[in-house]
Amino acid sequence: MAPRWRSSRLLQVAEMGIDQTLPRVSIQTADFDVSAEVAALRAQDDQIGAVVSFIGTVREWLDNPQGQPSALELEHYPGMTESSIEAMIDEACRRFDLRAVRVIHRVGLLPVGSQIVLVVTASGHRGQAFSGCEFLMDWLKTQAPFWKKEISAEGKRWVEAKASDDEALARWGTLPGVQSGNVSSP
């Protein structure tokens with residue numbers, strides 16, 4: 001059975017010689033099937049020699065003074081979020097010669113253990129695929145318009161930006177058209 005795709009935009013990357021007709025970005029409440037996503041990405045281009053994936057999950061925080069969270073609630077700015085991620089992908093493709101990219105980010109109420117984000121990058125060579133995936137995660141973590149709220153028995157609180165995330169981002173330099181600044185809380 002073919003996967004069902006949800007996206008803000010289907011993109012033709014003709015100037016790079018790639019016909020990527022699968023959506024590159026999906027913001028959704030539903031979980032995702034990593035194997036199906038990777039297979040669909042690989043099926044579109046026989047020049048892909050390396051595929052790298054990153055899966056982020058909701059985890060417990062041992063250093064949380066508010067107690068262990070039972071869930072994260074993620075919010076986003078529809079339209080703006082997809083556009084922002086598309087710009088990040090464009091830059092990753094330019095910098096790392098990526099042949100295909102897939103980003104899925106979940107929103108809504110997600111209990112501990114849930115998958116939050118999937119980033120899949122594909123290139124002719126592994127180094128480019130690894131670098132592209134890491135670049136995208138550093139940009140997504142700090143620049144994509146998502147807001148996270150921890151929910152625990154003690155209540156709810158917005159997740160604040162971390163200096164370590166901004167430091168990871170700094171090594172990549174600036175992204176044309178995007179001003180750097182963490183957007184973790186409203």
# chains A, B, ... in the order shown; residues from 1 in each chain; ligands from 1
call {"tool": "select_by_dssp", "arguments": {"residues": "stretch 55-136 of chain A", "states": "strand (DSSP E)", "output": "PyMOL selection string"}}
result
chain A and resi 55-57+69-76+98-106+108-111+115-123
call {"tool": "closest_atom_pairs", "arguments": {"of": "stretch 46-105 of chain A", "to": "stretch 113-136 of chain A", "cutoff": "6 Å", "atoms": "only C-alpha atoms", "output": "CSV"}}
result
residue,atom,partner,partner_atom,distance
A:Ile48,CA,A:Gly124,CA,4.8
A:Gly49,CA,A:Gly124,CA,4.4
A:Ala50,CA,A:Arg126,CA,4.9
A:Val51,CA,A:Ala122,CA,4.4
A:Val52,CA,A:Thr121,CA,5.4
A:Ser53,CA,A:Val120,CA,4.3
A:Phe54,CA,A:Val119,CA,5.2
A:Ile55,CA,A:Leu118,CA,4.7
A:Gly56,CA,A:Val117,CA,5.0
A:Thr57,CA,A:Gln115,CA,4.3
A:Val58,CA,A:Gly113,CA,5.2
A:Arg59,CA,A:Gly113,CA,6.0
A:Ala92,CA,A:Gly132,CA,5.6
A:Phe96,CA,A:Gln128,CA,5.1
A:Leu98,CA,A:Ser123,CA,4.6
A:Arg99,CA,A:Ser123,CA,4.9
A:Ala100,CA,A:Ala122,CA,5.1
A:Val101,CA,A:Thr121,CA,4.6
A:Arg102,CA,A:Val120,CA,5.1
A:Val103,CA,A:Val119,CA,4.6
A:Ile104,CA,A:Leu118,CA,5.1
A:His105,CA,A:Val117,CA,4.4
call {"tool": "atom_distance", "arguments": {"atom1": "atom CA of A:Lys162", "atom2": "atom CA of A:Met88"}}
result
20.1 Å
call {"tool": "atom_distance", "arguments": {"atom1": "atom CA of A:Val38", "atom2": "atom CA of A:Leu72"}}
result
25.8 Å
call {"tool": "atom_distance", "arguments": {"atom1": "atom CA of A:Asp33", "atom2": "atom CA of A:Pro111"}}
result
17.4 Å
call {"tool": "decode", "arguments": {"residues": "stretch 17-61 of chain A", "atoms": "N, CA and C atoms", "output": "mmCIF file, in the first residue's frame"}}
result
data_model
loop_
_atom_site.group_PDB
_atom_site.id
_atom_site.type_symbol
_atom_site.label_atom_id
_atom_site.label_comp_id
_atom_site.auth_asym_id
_atom_site.auth_seq_id
_atom_site.Cartn_x
_atom_site.Cartn_y
_atom_site.Cartn_z
ATOM 1 N N GLY A 17 18.109 19.405 -11.714
ATOM 2 C CA GLY A 17 18.018 18.170 -12.481
ATOM 3 C C GLY A 17 17.276 17.062 -11.759
ATOM 4 N N ILE A 18 16.500 17.413 -10.760
ATOM 5 C CA ILE A 18 15.791 16.423 -9.958
ATOM 6 C C ILE A 18 14.293 16.661 -10.093
ATOM 7 N N ASP A 19 13.556 15.609 -10.362
ATOM 8 C CA ASP A 19 12.102 15.693 -10.395
ATOM 9 C C ASP A 19 11.589 15.090 -9.099
ATOM 10 N N GLN A 20 11.497 15.911 -8.080
ATOM 11 C CA GLN A 20 11.020 15.434 -6.782
ATOM 12 C C GLN A 20 9.542 15.773 -6.692
ATOM 13 N N THR A 21 8.692 14.799 -7.008
ATOM 14 C CA THR A 21 7.259 15.044 -6.993
ATOM 15 C C THR A 21 6.613 14.686 -5.659
ATOM 16 N N LEU A 22 7.375 14.061 -4.772
ATOM 17 C CA LEU A 22 6.861 13.799 -3.433
ATOM 18 C C LEU A 22 6.969 15.080 -2.620
ATOM 19 N N PRO A 23 6.072 15.301 -1.690
ATOM 20 C CA PRO A 23 6.196 16.502 -0.853
ATOM 21 C C PRO A 23 7.458 16.413 -0.005
ATOM 22 N N ARG A 24 8.067 17.547 0.234
ATOM 23 C CA ARG A 24 9.272 17.563 1.061
ATOM 24 C C ARG A 24 8.932 17.808 2.521
ATOM 25 N N VAL A 25 7.825 18.489 2.797
ATOM 26 C CA VAL A 25 7.473 18.876 4.167
ATOM 27 C C VAL A 25 6.051 18.442 4.487
ATOM 28 N N SER A 26 5.882 17.822 5.630
ATOM 29 C CA SER A 26 4.559 17.505 6.154
ATOM 30 C C SER A 26 4.507 17.890 7.626
ATOM 31 N N ILE A 27 3.479 18.628 7.986
ATOM 32 C CA ILE A 27 3.198 18.941 9.388
ATOM 33 C C ILE A 27 1.894 18.209 9.679
ATOM 34 N N GLN A 28 1.915 17.318 10.662
ATOM 35 C CA GLN A 28 0.758 16.445 10.851
ATOM 36 C C GLN A 28 0.622 16.001 12.301
ATOM 37 N N THR A 29 -0.573 15.563 12.645
ATOM 38 C CA THR A 29 -0.801 14.991 13.968
ATOM 39 C C THR A 29 -0.525 13.485 13.966
ATOM 40 N N ALA A 30 -0.717 12.843 12.822
ATOM 41 C CA ALA A 30 -0.556 11.390 12.719
ATOM 42 C C ALA A 30 0.903 10.977 12.817
ATOM 43 N N ASP A 31 1.132 9.775 13.327
ATOM 44 C CA ASP A 31 2.467 9.208 13.384
ATOM 45 C C ASP A 31 2.943 8.912 11.956
ATOM 46 N N PHE A 32 4.220 8.582 11.806
ATOM 47 C CA PHE A 32 4.777 8.279 10.495
ATOM 48 C C PHE A 32 5.477 6.931 10.527
ATOM 49 N N ASP A 33 5.578 6.321 9.357
ATOM 50 C CA ASP A 33 6.238 5.033 9.178
ATOM 51 C C ASP A 33 7.588 5.305 8.515
ATOM 52 N N VAL A 34 8.659 5.193 9.279
ATOM 53 C CA VAL A 34 9.994 5.526 8.794
ATOM 54 C C VAL A 34 10.357 4.704 7.561
ATOM 55 N N SER A 35 10.118 3.408 7.606
ATOM 56 C CA SER A 35 10.466 2.530 6.476
ATOM 57 C C SER A 35 9.752 2.950 5.193
ATOM 58 N N ALA A 36 8.479 3.262 5.290
ATOM 59 C CA ALA A 36 7.720 3.682 4.108
ATOM 60 C C ALA A 36 8.238 5.011 3.569
ATOM 61 N N GLU A 37 8.584 5.920 4.459
ATOM 62 C CA GLU A 37 9.090 7.232 4.032
ATOM 63 C C GLU A 37 10.433 7.092 3.311
ATOM 64 N N VAL A 38 11.336 6.296 3.869
ATOM 65 C CA VAL A 38 12.653 6.103 3.254
ATOM 66 C C VAL A 38 12.506 5.388 1.911
ATOM 67 N N ALA A 39 11.673 4.368 1.847
ATOM 68 C CA ALA A 39 11.477 3.638 0.592
ATOM 69 C C ALA A 39 10.919 4.547 -0.500
ATOM 70 N N ALA A 40 9.962 5.391 -0.152
ATOM 71 C CA ALA A 40 9.384 6.304 -1.147
ATOM 72 C C ALA A 40 10.423 7.307 -1.634
ATOM 73 N N LEU A 41 11.255 7.790 -0.740
ATOM 74 C CA LEU A 41 12.296 8.748 -1.121
ATOM 75 C C LEU A 41 13.315 8.097 -2.053
ATOM 76 N N ARG A 42 13.738 6.899 -1.729
ATOM 77 C CA ARG A 42 14.726 6.180 -2.550
ATOM 78 C C ARG A 42 14.174 5.809 -3.917
ATOM 79 N N ALA A 43 12.904 5.508 -3.988
ATOM 80 C CA ALA A 43 12.301 5.044 -5.237
ATOM 81 C C ALA A 43 12.279 6.100 -6.331
ATOM 82 N N GLN A 44 12.435 7.357 -5.958
ATOM 83 C CA GLN A 44 12.300 8.416 -6.950
ATOM 84 C C GLN A 44 13.590 8.745 -7.698
ATOM 85 N N ASP A 45 14.740 8.158 -7.323
ATOM 86 C CA ASP A 45 16.004 8.574 -7.938
ATOM 87 C C ASP A 45 17.042 7.463 -7.831
ATOM 88 N N ASP A 46 17.467 6.926 -8.969
ATOM 89 C CA ASP A 46 18.473 5.859 -8.985
ATOM 90 C C ASP A 46 19.888 6.366 -8.737
ATOM 91 N N GLN A 47 20.075 7.683 -8.654
ATOM 92 C CA GLN A 47 21.397 8.246 -8.387
ATOM 93 C C GLN A 47 21.667 8.389 -6.882
ATOM 94 N N ILE A 48 20.691 8.033 -6.067
ATOM 95 C CA ILE A 48 20.881 8.098 -4.619
ATOM 96 C C ILE A 48 21.807 6.965 -4.188
ATOM 97 N N GLY A 49 22.901 7.348 -3.522
ATOM 98 C CA GLY A 49 23.857 6.360 -3.033
ATOM 99 C C GLY A 49 23.901 6.284 -1.521
ATOM 100 N N ALA A 50 23.264 7.261 -0.858
ATOM 101 C CA ALA A 50 23.274 7.281 0.605
ATOM 102 C C ALA A 50 21.993 7.931 1.116
ATOM 103 N N VAL A 51 21.432 7.348 2.156
ATOM 104 C CA VAL A 51 20.240 7.887 2.812
ATOM 105 C C VAL A 51 20.525 7.945 4.307
ATOM 106 N N VAL A 52 20.275 9.108 4.896
ATOM 107 C CA VAL A 52 20.468 9.292 6.339
ATOM 108 C C VAL A 52 19.140 9.745 6.923
ATOM 109 N N SER A 53 18.777 9.176 8.073
ATOM 110 C CA SER A 53 17.534 9.602 8.716
ATOM 111 C C SER A 53 17.786 9.942 10.180
ATOM 112 N N PHE A 54 16.989 10.870 10.661
ATOM 113 C CA PHE A 54 16.986 11.250 12.069
ATOM 114 C C PHE A 54 15.542 11.178 12.545
ATOM 115 N N ILE A 55 15.339 10.548 13.682
ATOM 116 C CA ILE A 55 14.015 10.475 14.291
ATOM 117 C C ILE A 55 14.129 11.061 15.692
ATOM 118 N N GLY A 56 13.360 12.101 15.957
ATOM 119 C CA GLY A 56 13.308 12.681 17.292
ATOM 120 C C GLY A 56 12.087 12.157 18.020
ATOM 121 N N THR A 57 12.253 11.875 19.314
ATOM 122 C CA THR A 57 11.154 11.324 20.105
ATOM 123 C C THR A 57 10.946 12.133 21.385
ATOM 124 N N VAL A 58 9.759 12.017 21.954
ATOM 125 C CA VAL A 58 9.464 12.639 23.249
ATOM 126 C C VAL A 58 10.126 11.777 24.316
ATOM 127 N N ARG A 59 10.939 12.397 25.135
ATOM 128 C CA ARG A 59 11.659 11.650 26.171
ATOM 129 C C ARG A 59 11.414 12.264 27.546
ATOM 130 N N GLU A 60 11.780 11.507 28.560
ATOM 131 C CA GLU A 60 11.728 12.023 29.928
ATOM 132 C C GLU A 60 12.946 12.906 30.164
ATOM 133 N N TRP A 61 12.767 13.922 30.995
ATOM 134 C CA TRP A 61 13.870 14.796 31.364
ATOM 135 C C TRP A 61 14.179 14.565 32.830
#
